[in-house]
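Reproduced below: upload_39.cif, with mmCIF, C-alpha atoms and all ligand atoms.
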```cif
data_entry
#
loop_
_atom_site.label_atom_id
_atom_site.label_comp_id
_atom_site.auth_asym_id
_atom_site.auth_seq_id
_atom_site.Cartn_x
_atom_site.Cartn_y
_atom_site.Cartn_z
CA MET N 46 7.24 1.06 2.87
CA ASN N 47 6.26 -2.25 1.39
CA PHE N 48 2.99 -3.66 2.43
CA HIS N 49 3.32 -7.32 2.93
CA ASP N 50 1.13 -10.33 2.98
CA PRO N 51 0.75 -11.34 6.62
CA ALA N 52 0.70 -14.96 5.51
CA SER N 53 4.33 -14.61 4.46
CA THR N 54 5.52 -13.82 7.98
CA ALA N 55 7.67 -16.75 8.97
CA ALA N 56 6.14 -17.32 12.36
CA GLN N 57 2.60 -16.85 11.08
CA ALA N 58 3.12 -19.30 8.24
CA GLU N 59 4.10 -22.01 10.67
CA PRO N 60 1.58 -24.23 12.41
CA VAL N 61 1.10 -23.76 16.14
CA SER N 62 2.91 -27.01 16.83
CA ALA N 63 6.06 -25.61 15.19
CA LEU N 64 5.92 -22.63 17.50
CA THR N 65 5.59 -24.57 20.68
CA GLN N 66 7.10 -28.04 20.39
CA ASP N 67 10.55 -29.55 20.50
CA ARG N 68 12.52 -26.38 20.03
CA THR N 69 14.74 -24.52 22.43
CA PRO N 70 12.80 -21.33 22.92
CA LEU N 71 14.54 -18.02 22.39
CA ILE N 72 12.97 -16.75 25.60
CA ARG N 73 11.86 -18.79 28.56
CA PHE N 74 10.11 -17.48 31.68
CA GLU N 75 10.59 -20.25 34.24
CA ASN N 76 8.41 -20.03 37.36
CA VAL N 77 8.87 -16.27 37.38
CA THR N 78 7.44 -14.34 40.31
CA LYS N 79 7.83 -10.58 40.79
CA THR N 80 6.65 -8.87 43.94
CA PHE N 81 6.68 -5.20 44.86
CA GLY N 82 6.54 -5.18 48.67
CA SER N 83 3.58 -7.36 49.58
CA PHE N 84 2.03 -7.04 46.10
CA THR N 85 2.53 -9.86 43.60
CA ALA N 86 2.69 -8.42 40.07
CA ILE N 87 3.78 -11.67 38.33
CA SER N 88 2.86 -14.98 39.86
CA ASP N 89 4.81 -18.21 39.15
CA LEU N 90 4.61 -17.64 35.41
CA ASN N 91 5.92 -20.00 32.73
CA LEU N 92 6.17 -18.95 29.09
CA ASP N 93 8.23 -19.91 26.03
CA ILE N 94 8.65 -17.54 23.09
CA GLN N 95 10.29 -18.82 19.91
CA GLU N 96 12.72 -17.01 17.66
CA ARG N 97 11.03 -14.85 14.96
CA GLU N 98 7.73 -14.72 16.79
CA PHE N 99 5.64 -11.57 16.90
CA PHE N 100 4.25 -12.16 20.36
CA SER N 101 1.56 -10.04 22.04
CA LEU N 102 0.77 -9.57 25.72
CA LEU N 103 -2.86 -8.67 26.25
CA GLY N 104 -4.78 -8.07 29.43
CA PRO N 105 -6.48 -5.44 31.57
CA SER N 106 -4.61 -2.52 33.08
CA GLY N 107 -2.33 -3.60 35.93
CA CYS N 108 -2.20 -7.31 34.99
CA GLY N 109 1.60 -7.26 34.69
CA LYS N 110 2.33 -6.82 30.96
CA THR N 111 4.84 -3.99 31.36
CA THR N 112 6.44 -5.72 34.33
CA MET N 113 7.13 -8.77 32.14
CA MET N 114 8.78 -6.56 29.53
CA ARG N 115 10.85 -4.75 32.18
CA LEU N 116 12.00 -8.07 33.66
CA LEU N 117 13.10 -9.25 30.23
CA ALA N 118 14.84 -5.97 29.41
CA GLY N 119 16.66 -6.00 32.75
CA PHE N 120 15.03 -2.89 34.26
CA GLU N 121 13.70 -5.10 37.07
CA GLU N 122 15.03 -8.33 38.58
CA VAL N 123 12.81 -11.35 39.21
CA THR N 124 11.92 -12.10 42.83
CA SER N 125 12.06 -15.84 42.15
CA GLY N 126 12.35 -18.09 39.12
CA ARG N 127 14.49 -17.16 36.14
CA ILE N 128 14.39 -15.87 32.58
CA LEU N 129 16.50 -17.60 29.93
CA LEU N 130 17.51 -16.17 26.58
CA ASP N 131 18.93 -18.66 24.09
CA GLY N 132 19.31 -21.01 27.05
CA GLN N 133 21.36 -18.46 29.04
CA ASP N 134 20.16 -17.37 32.47
CA LEU N 135 19.71 -13.59 32.41
CA THR N 136 19.79 -13.20 36.19
CA GLY N 137 22.28 -10.51 37.14
CA ILE N 138 22.99 -9.42 33.55
CA PRO N 139 22.48 -5.65 33.35
CA ALA N 140 20.05 -4.13 30.84
CA ASN N 141 22.76 -2.75 28.55
CA ARG N 142 24.36 -6.17 28.15
CA ARG N 143 21.16 -7.95 27.16
CA PRO N 144 20.42 -8.39 23.42
CA VAL N 145 17.03 -6.87 24.11
CA ASN N 146 15.81 -3.37 23.38
CA MET N 147 12.60 -1.61 24.40
CA MET N 148 10.66 0.94 22.37
CA PHE N 149 8.34 3.18 24.34
CA GLN N 150 5.03 4.69 23.31
CA SER N 151 6.38 8.20 23.90
CA TYR N 152 9.20 7.41 21.42
CA ALA N 153 11.53 9.44 23.71
CA LEU N 154 13.26 11.13 20.75
CA PHE N 155 15.77 13.87 21.56
CA PRO N 156 14.12 17.09 20.28
CA HIS N 157 17.36 18.95 19.55
CA MET N 158 18.91 16.10 17.53
CA SER N 159 18.35 15.31 13.86
CA VAL N 160 16.68 12.08 12.81
CA ALA N 161 20.07 10.61 11.88
CA LYS N 162 21.61 11.62 15.24
CA ASN N 163 18.65 10.16 17.11
CA ILE N 164 19.04 6.86 15.29
CA GLY N 165 22.81 6.77 15.87
CA PHE N 166 22.66 7.89 19.51
CA GLY N 167 22.99 4.46 21.13
CA LEU N 168 25.81 3.49 18.79
CA LYS N 169 27.76 6.63 19.71
CA GLN N 170 27.24 5.80 23.39
CA GLU N 171 28.77 2.42 22.69
CA ARG N 172 31.71 4.12 20.95
CA TRP N 173 31.13 2.66 17.52
CA LYS N 174 33.48 3.97 14.80
CA LYS N 175 32.07 7.07 13.06
CA SER N 176 31.94 5.40 9.64
CA ASP N 177 30.21 2.32 11.08
CA ILE N 178 27.63 4.57 12.75
CA GLN N 179 27.02 6.32 9.43
CA ASP N 180 26.59 3.00 7.60
CA ARG N 181 24.23 1.63 10.23
CA VAL N 182 22.16 4.83 10.35
CA ASP N 183 21.85 4.81 6.54
CA GLU N 184 20.76 1.18 6.67
CA MET N 185 18.14 1.97 9.32
CA LEU N 186 16.90 5.06 7.43
CA ALA N 187 16.40 2.86 4.36
CA LEU N 188 14.64 0.21 6.43
CA VAL N 189 11.98 2.66 7.62
CA GLN N 190 12.02 4.63 4.36
CA LEU N 191 13.12 7.92 5.88
CA GLU N 192 16.23 8.49 3.77
CA ASP N 193 15.04 11.99 2.83
CA PHE N 194 14.38 12.98 6.45
CA ALA N 195 17.83 12.37 7.97
CA ASP N 196 18.48 16.04 8.75
CA ARG N 197 15.06 16.93 10.12
CA LYS N 198 14.36 17.47 13.80
CA PRO N 199 11.56 15.47 15.49
CA HIS N 200 9.19 18.49 15.57
CA GLN N 201 9.38 18.60 11.75
CA LEU N 202 7.96 15.06 11.48
CA SER N 203 4.46 13.59 11.51
CA GLY N 204 3.43 11.15 14.25
CA GLY N 205 3.91 8.19 11.92
CA GLN N 206 7.38 9.38 10.90
CA MET N 207 8.40 9.86 14.55
CA GLN N 208 7.23 6.32 15.23
CA ARG N 209 9.48 5.08 12.41
CA VAL N 210 12.48 7.02 13.77
CA ALA N 211 11.90 5.45 17.19
CA LEU N 212 11.71 2.02 15.55
CA ALA N 213 14.91 2.63 13.56
CA ARG N 214 16.69 3.81 16.70
CA SER N 215 15.64 0.82 18.74
CA LEU N 216 16.80 -1.55 15.98
CA ALA N 217 20.13 0.19 15.32
CA LYS N 218 22.04 -1.89 17.88
CA LYS N 219 20.77 -5.10 16.25
CA PRO N 220 18.93 -6.48 19.27
CA LYS N 221 17.70 -10.06 19.04
CA VAL N 222 14.48 -9.11 20.75
CA LEU N 223 12.55 -5.86 20.48
CA LEU N 224 10.00 -5.05 23.15
CA LEU N 225 7.31 -2.64 22.02
CA ASP N 226 5.15 -1.02 24.72
CA GLU N 227 2.04 0.39 23.00
CA PRO N 228 4.15 1.31 19.96
CA LEU N 229 1.26 2.68 17.92
CA GLY N 230 -0.80 4.20 20.72
CA ALA N 231 -0.21 7.79 19.57
CA LEU N 232 -1.34 7.21 15.97
CA ASP N 233 -4.83 7.62 14.55
CA LYS N 234 -6.74 4.53 13.44
CA LYS N 235 -5.86 4.54 9.74
CA LEU N 236 -2.18 5.29 10.23
CA ARG N 237 -2.11 2.76 13.02
CA GLU N 238 -3.40 0.03 10.73
CA GLU N 239 -0.89 0.96 8.03
CA THR N 240 1.94 1.01 10.54
CA GLN N 241 0.98 -2.43 11.86
CA PHE N 242 1.82 -3.87 8.44
CA GLN N 243 5.06 -1.89 8.35
CA LEU N 244 6.06 -3.33 11.73
CA MET N 245 5.29 -6.83 10.52
CA ASP N 246 7.28 -6.19 7.38
CA VAL N 247 10.35 -4.97 9.31
CA GLN N 248 10.13 -7.85 11.78
CA ASP N 249 9.89 -10.34 8.93
CA ARG N 250 12.73 -8.86 6.89
CA LEU N 251 15.13 -8.65 9.84
CA GLY N 252 14.06 -12.04 11.21
CA LEU N 253 13.75 -10.63 14.74
CA THR N 254 11.57 -11.52 17.67
CA PHE N 255 9.08 -8.82 18.63
CA ILE N 256 7.10 -8.74 21.86
CA ILE N 257 4.37 -6.15 21.96
CA VAL N 258 2.09 -4.81 24.68
CA THR N 259 -1.08 -3.35 23.30
CA HIS N 260 -4.52 -2.41 24.55
CA ASP N 261 -5.90 -2.79 21.04
CA GLN N 262 -7.18 -6.33 20.53
CA ASP N 263 -7.54 -5.90 16.78
CA GLU N 264 -3.91 -4.87 16.66
CA ALA N 265 -2.84 -7.94 18.61
CA MET N 266 -4.92 -10.15 16.30
CA THR N 267 -3.42 -8.54 13.19
CA VAL N 268 0.27 -8.60 14.01
CA SER N 269 0.76 -11.60 16.29
CA SER N 270 2.00 -15.09 15.72
CA ARG N 271 0.70 -15.81 19.22
CA ILE N 272 -1.09 -13.90 21.96
CA ALA N 273 -0.87 -14.37 25.72
CA VAL N 274 -3.96 -13.21 27.60
CA MET N 275 -3.04 -12.20 31.16
CA LYS N 276 -4.98 -11.55 34.32
CA ALA N 277 -3.58 -10.56 37.71
CA GLY N 278 0.00 -11.66 37.02
CA LYS N 279 -0.94 -15.00 35.43
CA LEU N 280 -1.29 -16.26 31.87
CA LEU N 281 -4.81 -17.47 31.13
CA GLN N 282 -4.20 -18.64 27.57
CA THR N 283 -1.29 -18.51 25.13
CA ASP N 284 -2.30 -19.33 21.59
CA THR N 285 -2.56 -18.16 17.98
CA PRO N 286 -4.98 -15.28 17.36
CA ALA N 287 -7.45 -17.64 15.66
CA ARG N 288 -7.42 -20.09 18.58
CA ILE N 289 -7.78 -17.30 21.14
CA TYR N 290 -10.74 -15.88 19.23
CA GLU N 291 -12.51 -19.06 18.17
CA HIS N 292 -11.42 -21.49 20.89
CA PRO N 293 -11.04 -19.41 24.04
CA ALA N 294 -10.07 -21.45 27.09
CA SER N 295 -12.49 -19.61 29.36
CA SER N 296 -15.36 -17.16 29.27
CA TYR N 297 -12.93 -14.50 30.58
CA VAL N 298 -10.70 -14.85 27.51
CA ALA N 299 -13.75 -14.98 25.21
CA ASP N 300 -15.12 -11.81 26.74
CA PHE N 301 -11.77 -10.03 26.69
CA ILE N 302 -11.29 -10.46 22.93
CA GLY N 303 -14.01 -9.03 20.71
CA ASN N 304 -17.77 -9.15 21.19
CA VAL N 305 -19.37 -12.34 22.35
CA ASN N 306 -22.59 -13.89 23.62
CA LEU N 307 -21.90 -15.93 26.75
CA ILE N 308 -24.86 -18.19 27.41
CA ASN N 309 -25.37 -20.45 30.43
CA VAL N 310 -26.45 -23.88 29.31
CA GLU N 311 -27.06 -27.31 30.82
CA LEU N 312 -25.80 -30.35 28.91
CA ALA N 313 -28.61 -32.75 28.01
CA GLY N 314 -26.86 -35.59 26.12
CA MET N 315 -25.65 -36.50 22.64
CA ASP N 316 -27.38 -36.76 19.29
CA GLY N 317 -24.86 -38.58 17.11
CA GLU N 318 -21.80 -36.31 16.95
CA LEU N 319 -23.63 -33.31 18.35
CA ALA N 320 -23.93 -32.34 21.99
CA LEU N 321 -27.36 -31.20 23.06
CA ALA N 322 -27.94 -28.54 25.67
CA ARG N 323 -30.83 -26.65 27.23
CA TRP N 324 -30.91 -22.92 27.61
CA ASP N 325 -33.31 -20.06 28.11
CA GLY N 326 -36.17 -22.07 29.51
CA GLY N 327 -35.62 -25.41 27.84
CA THR N 328 -34.79 -24.65 24.21
CA ARG N 329 -32.79 -27.39 22.50
CA LEU N 330 -29.37 -26.34 21.36
CA ALA N 331 -26.94 -28.35 19.19
CA ILE N 332 -23.18 -27.90 19.58
CA ARG N 333 -20.40 -29.67 17.68
CA PRO N 334 -18.03 -30.47 20.57
CA GLN N 335 -14.25 -30.14 20.54
CA PRO N 336 -12.22 -33.35 21.06
CA GLU N 337 -11.11 -32.14 24.50
CA ASP N 338 -14.63 -31.34 25.76
CA VAL N 339 -15.83 -33.36 28.74
CA LEU N 340 -19.57 -33.74 28.25
CA THR N 341 -21.30 -34.93 31.39
CA PRO N 342 -25.12 -34.81 31.12
CA GLY N 343 -26.47 -32.29 33.61
CA ALA N 344 -23.19 -30.31 33.73
CA ARG N 345 -23.43 -26.54 33.52
CA LYS N 346 -21.33 -24.90 30.82
CA THR N 347 -21.00 -21.55 29.12
CA LEU N 348 -21.67 -21.37 25.40
CA VAL N 349 -19.38 -18.97 23.54
CA LEU N 350 -21.15 -17.61 20.47
CA ARG N 351 -19.64 -14.78 18.41
CA PRO N 352 -22.19 -12.32 16.97
CA GLU N 353 -20.91 -12.67 13.39
CA LYS N 354 -21.57 -16.42 13.42
CA ILE N 355 -25.32 -15.75 13.75
CA HIS N 356 -27.54 -15.12 10.72
CA VAL N 357 -30.42 -12.69 11.14
CA THR N 358 -33.36 -13.27 8.78
CA LYS N 359 -36.98 -12.25 8.54
CA ASP N 360 -38.04 -15.57 7.09
CA GLN N 361 -37.69 -18.77 9.04
CA PRO N 362 -34.68 -20.74 7.73
CA ALA N 363 -35.06 -24.46 6.94
CA GLU N 364 -34.80 -26.65 10.01
CA ALA N 365 -31.84 -29.06 10.23
CA PRO N 366 -30.34 -31.05 13.13
CA ASN N 367 -27.06 -29.11 12.99
CA VAL N 368 -28.66 -25.67 12.82
CA ASN N 369 -29.85 -23.74 15.86
CA LEU N 370 -32.90 -21.60 15.34
CA VAL N 371 -34.55 -19.07 17.66
CA GLU N 372 -37.02 -16.25 17.23
CA GLY N 373 -37.01 -12.81 18.78
CA THR N 374 -37.58 -9.08 18.36
CA VAL N 375 -35.01 -6.51 17.27
CA GLU N 376 -34.45 -4.02 20.11
CA GLU N 377 -31.40 -2.13 18.84
CA ILE N 378 -29.40 -1.84 15.64
CA SER N 379 -25.93 -0.36 15.59
CA TYR N 380 -24.31 0.48 12.29
CA THR N 381 -20.54 0.48 11.84
CA GLY N 382 -20.34 0.80 8.05
CA SER N 383 -19.16 -2.65 7.05
CA ALA N 384 -21.55 -4.43 9.43
CA SER N 385 -24.70 -3.94 11.47
CA THR N 386 -25.13 -5.38 14.94
CA TYR N 387 -28.62 -6.38 16.08
CA LEU N 388 -29.65 -6.73 19.71
CA VAL N 389 -32.42 -9.29 19.63
CA ARG N 390 -34.67 -10.07 22.62
CA LEU N 391 -35.62 -13.75 22.55
CA ASP N 392 -39.11 -14.73 23.61
CA GLY N 393 -37.70 -16.28 26.80
CA GLY N 394 -36.20 -12.86 27.71
CA MET N 395 -32.53 -13.37 26.78
CA LEU N 396 -30.73 -10.69 24.79
CA ILE N 397 -28.54 -11.93 21.90
CA ARG N 398 -26.10 -9.86 19.86
CA ALA N 399 -25.95 -10.84 16.17
CA GLN N 400 -23.94 -9.22 13.44
CA GLU N 401 -24.46 -9.23 9.68
CA ALA N 402 -22.10 -7.84 7.05
CA ASN N 403 -23.83 -4.97 5.19
CA ARG N 404 -23.88 -6.49 1.74
CA LEU N 405 -26.68 -4.15 0.66
CA LEU N 406 -27.02 -0.42 1.19
CA THR N 407 -28.71 0.15 4.53
CA SER N 408 -31.55 1.96 2.71
CA ARG N 409 -32.36 -1.46 1.22
CA ARG N 410 -31.96 -3.34 4.47
CA GLU N 411 -34.87 -5.60 5.22
CA ILE N 412 -34.64 -5.61 8.99
CA ASP N 413 -35.71 -2.75 11.19
CA TRP N 414 -36.34 -1.95 14.86
CA ASN N 415 -39.11 -4.02 16.47
CA ASN N 416 -39.17 -6.53 13.61
CA ARG N 417 -39.65 -10.19 14.41
CA VAL N 418 -36.54 -12.04 13.23
CA TRP N 419 -34.99 -15.50 13.21
CA LEU N 420 -31.50 -16.07 14.50
CA SER N 421 -29.73 -19.15 13.19
CA TRP N 422 -26.24 -20.58 13.60
CA ARG N 423 -24.60 -23.88 12.94
CA ALA N 424 -23.66 -26.36 15.64
CA GLY N 425 -20.02 -25.96 14.60
CA ALA N 426 -20.07 -22.17 14.98
CA CYS N 427 -19.96 -22.08 18.78
CA VAL N 428 -17.88 -23.64 21.56
CA LEU N 429 -18.39 -24.69 25.18
CA VAL N 430 -16.23 -23.55 28.08
CA ASP N 431 -16.49 -24.24 31.81
CA ALA N 432 -19.17 -22.16 33.49
N1 LIG N 501 7.75 -0.27 40.86
C1 LIG N 501 6.57 -0.68 41.29
N2 LIG N 501 6.24 -0.61 42.60
C2 LIG N 501 5.06 -1.05 43.06
N3 LIG N 501 4.11 -1.61 42.27
C3 LIG N 501 4.37 -1.70 40.96
C4 LIG N 501 5.61 -1.24 40.40
N4 LIG N 501 5.58 -1.49 39.07
C5 LIG N 501 4.37 -2.04 38.81
N5 LIG N 501 3.64 -2.18 39.95
C6 LIG N 501 2.31 -2.77 40.07
O1 LIG N 501 2.31 -4.03 39.43
C7 LIG N 501 1.10 -4.24 38.73
C8 LIG N 501 1.40 -4.56 37.27
O2 LIG N 501 1.88 -3.37 36.66
P1 LIG N 501 2.19 -3.30 35.10
O3 LIG N 501 2.74 -1.96 34.81
O4 LIG N 501 3.04 -4.47 34.74
O5 LIG N 501 0.74 -3.50 34.50
P2 LIG N 501 0.26 -3.44 32.97
O6 LIG N 501 -0.45 -4.71 32.71
O7 LIG N 501 1.40 -3.10 32.09
O8 LIG N 501 -0.79 -2.25 33.06
P3 LIG N 501 -1.14 -1.07 32.01
O9 LIG N 501 -1.90 -1.79 30.91
O10 LIG N 501 -2.02 -0.17 32.81
O11 LIG N 501 0.14 -0.47 31.56
C9 LIG N 501 0.26 -2.98 38.91
O12 LIG N 501 -0.68 -3.21 39.94
C10 LIG N 501 1.28 -1.93 39.34
O13 LIG N 501 0.71 -0.97 40.17
#
```

Take the structure in this file and express it as structure tokens.
Ligand SMILES: Nc1ncnc2c1ncn2[C@@H]1O[C@H](COP(=O)(O)OP(=O)(O)OP(=O)(O)O)[C@@H](O)[C@H]1O
Amino acid sequence: MNFHDPASTAAQAEPVSALTQDRTPLIRFENVTKTFGSFTAISDLNLDIQEREFFSLLGPSGCGKTTMMRLLAGFEEVTSGRILLDGQDLTGIPANRRPVNMMFQSYALFPHMSVAKNIGFGLKQERWKKSDIQDRVDEMLALVQLEDFADRKPHQLSGGQMQRVALARSLAKKPKVLLLDEPLGALDKKLREETQFQLMDVQDRLGLTFIIVTHDQDEAMTVSSRIAVMKAGKLLQTDTPARIYEHPASSYVADFIGNVNLINVELAGMDGELALARWDGGTRLAIRPQPEDVLTPGARKTLVLRPEKIHVTKDQPAEAPNVNLVEGTVEEISYTGSASTYLVRLDGGMLIRAQEANRLLTSRREIDWNNRVWLSWRAGACVLVDA
């Protein structure tokens, strides 16, 4: 299959404003609540998803991701509120009459049927003409580049090929929206990464809207136009991957996505455009605030500082007003090939995680266990959230 440039994906190429403003959304969750007995799985939730988005639902186990998909697909009915598709209220419309299809992690392929029969199964159920089924199956086989595998049975396929059959089958009926529940969960890391690009390619070429549930944050970051981070039936933040990662709305979101240092600070005042804060026993810290930050001197905040924004050096870097500088001792080093992560104990006792790309061979690395090092990061490389 073609690998494609993620930047060419329609939804990804558009600015956030284009995804969220002044357009009738394809999908709208309007004050949706879903209870099971006395348990509230989805709580008064509002969400708009635009046409052609590749939208991810992320959150801990049990937060309600699958329930949202099942409500949209029509396998469950909302307890209150409503879901609109293209402006039409879906309440009471059965699953098989919704232009929505769901692809499961298990793929649920029929073992005794050929690849072609699996792909055409839903069309046969809907009594399509035989020649139309054949044409559509051929089209789908070409889409997922399995033309030469039409007569094979599922057990004669690799995991990645089975995944592509499942994708072809779930797209055969031309749904407007495809829901993917952990679609790549059964694949190993390398194949998974390859298949992510294939999914993006298919979504882009067909101009469909994909909604994916995944436990893999890297996957969500790679494929999504936007991500919704959920907790206990509520949306905490809905934003582009870059905003979620670099401008999390809360320490929960920051902590949920990737590695992070969350540091309690007390605001001390301003120095020109920079906010000053105290941390770890009085050290001065400079932060370039965001326009929406409310900066009351004395207020307690949490500083969100990603490990890869921190430089680790043996020599003391030059001092500058917009550079934060602290000294500590390396306690741990973890090596992941492309990068090394250093756990550095500051002299005040705090432990900071810093990550450097491994530009040199590790045999030539300057920094070792128990070395004294300097950590430095720019005022614009960190953000403040409410404590
Ligand atoms: N049919 C049901 N009856 C009772 N409780 C349910 C039912 N379906 C889901 N729940 C509960 O609703 C909550 C949300 O479930 P859901 O499957 O949506 O979570 P999830 O975020 O998809 O979790 P996971 O990541 O583990 O798949 C869970 O606490 C679950 O136990």

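Picture a line from CA of Trp414 in chain N to CA of Arg351 in chain N; it runs 21.4 Å.
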
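In terms of minimum interatomic distance to Ile397 in chain N, N:Leu350 ranks closest within N:Ala187, N:Leu312, N:Leu350, N:Leu212, counting only C-alpha atoms.
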
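Among N:Lys79, N:Lys234, N:Arg390, N:Arg127, the residue with the shortest atom-to-atom distance to ligand LIG 501 (chain N), counting all atoms listed in the file, is N:Lys79.
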
| said: Can you tell me which residues surround range 151-154 of chain N at a distance of at most 7 Å, considering all atoms listed in the file, apart from same-chain residues fewer than 4 positions away, and format the answer as a ChimeraX atom specification? | reply: /N:163,208,211

| request: Within 9 Å of ligand LIG 501 (chain N), which residues show up when you count all atoms listed in the file? List them as an MDAnalysis selection string, please. | output: chainID N and resid 79:82 84:87 102:115 121 226:227 258:260 275:278

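Of the residues listed (N:Leu191, N:Ala426, N:Ile302, N:Asn369), N:Ala426 shows the shortest atom-to-atom separation from Arg333 in chain N; distances use all atoms listed in the file.
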
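Between CA of Ala432 in chain N and CA of Ser295 in chain N lies a distance of 8.3 Å.
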
| field | Distance criterion (only C-alpha atoms): nearest to Thr267 in chain N out of N:Ile289, N:Gln241, N:Ser296, N:Leu251 | value | N:Gln241

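Look at Lys221 in chain N: the protein and nucleic acid residues within 7 Å of it, using only C-alpha atoms and passing over chain neighbours fewer than 4 places away, are Pro144, Val145, Leu253 and Thr254 of chain N.
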
| query | Pick from N:Thr386, N:Gln150, N:Thr240, N:Thr136: nearest to Val305 in chain N, with only C-alpha atoms counted? | reply | N:Thr386

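Computed from the coordinates, the CA of Pro366 in chain N to CA of Glu337 in chain N distance equals 22.4 Å.
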
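Between Met245 in chain N and the candidates N:Glu311, N:Glu98, N:Glu122, N:Asp413, the tightest atom-to-atom separation, counting only C-alpha atoms, involves N:Glu98.
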
| Who sits within 8 Å of Glu75 in chain N, only C-alpha atoms, same chain under 5 positions skipped, as an MDAnalysis selection string | chainID N and resid 89:92 126:129

| said: Residues near Gly327 in chain N, anyone? I mean within 10 Å using only C-alpha atoms, not counting same-chain ones fewer than 2 positions away, as a ChimeraX atom specification. | reply: /N:310-311,322-325,329-330,393

Export of prior selection with C-alpha atoms as an mmCIF file, keeping the file's coordinate frame:
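So result.cif came out as:
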```cif
data_model
loop_
_atom_site.group_PDB
_atom_site.id
_atom_site.type_symbol
_atom_site.label_atom_id
_atom_site.label_comp_id
_atom_site.auth_asym_id
_atom_site.auth_seq_id
_atom_site.Cartn_x
_atom_site.Cartn_y
_atom_site.Cartn_z
ATOM 1 C CA VAL N 310 -26.450 -23.880 29.310
ATOM 2 C CA GLU N 311 -27.060 -27.310 30.820
ATOM 3 C CA ALA N 322 -27.940 -28.540 25.670
ATOM 4 C CA ARG N 323 -30.830 -26.650 27.230
ATOM 5 C CA TRP N 324 -30.910 -22.920 27.610
ATOM 6 C CA ASP N 325 -33.310 -20.060 28.110
ATOM 7 C CA ARG N 329 -32.790 -27.390 22.500
ATOM 8 C CA LEU N 330 -29.370 -26.340 21.360
ATOM 9 C CA GLY N 393 -37.700 -16.280 26.800
#
```

| query | Hey, what's within 6 Å of Ile257 in chain N if we count only C-alpha atoms and toss same-chain stuff fewer than 3 positions away? As a PyMOL selection string, please? | reply | chain N and resi 101+224-226

Print the selection's residues with C-alpha atoms to a file, as an mmCIF file, in the coordinates of the input.
```cif
data_model
loop_
_atom_site.group_PDB
_atom_site.id
_atom_site.type_symbol
_atom_site.label_atom_id
_atom_site.label_comp_id
_atom_site.auth_asym_id
_atom_site.auth_seq_id
_atom_site.Cartn_x
_atom_site.Cartn_y
_atom_site.Cartn_z
ATOM 1 C CA SER N 101 1.560 -10.040 22.040
ATOM 2 C CA LEU N 224 10.000 -5.050 23.150
ATOM 3 C CA LEU N 225 7.310 -2.640 22.020
ATOM 4 C CA ASP N 226 5.150 -1.020 24.720
#
```
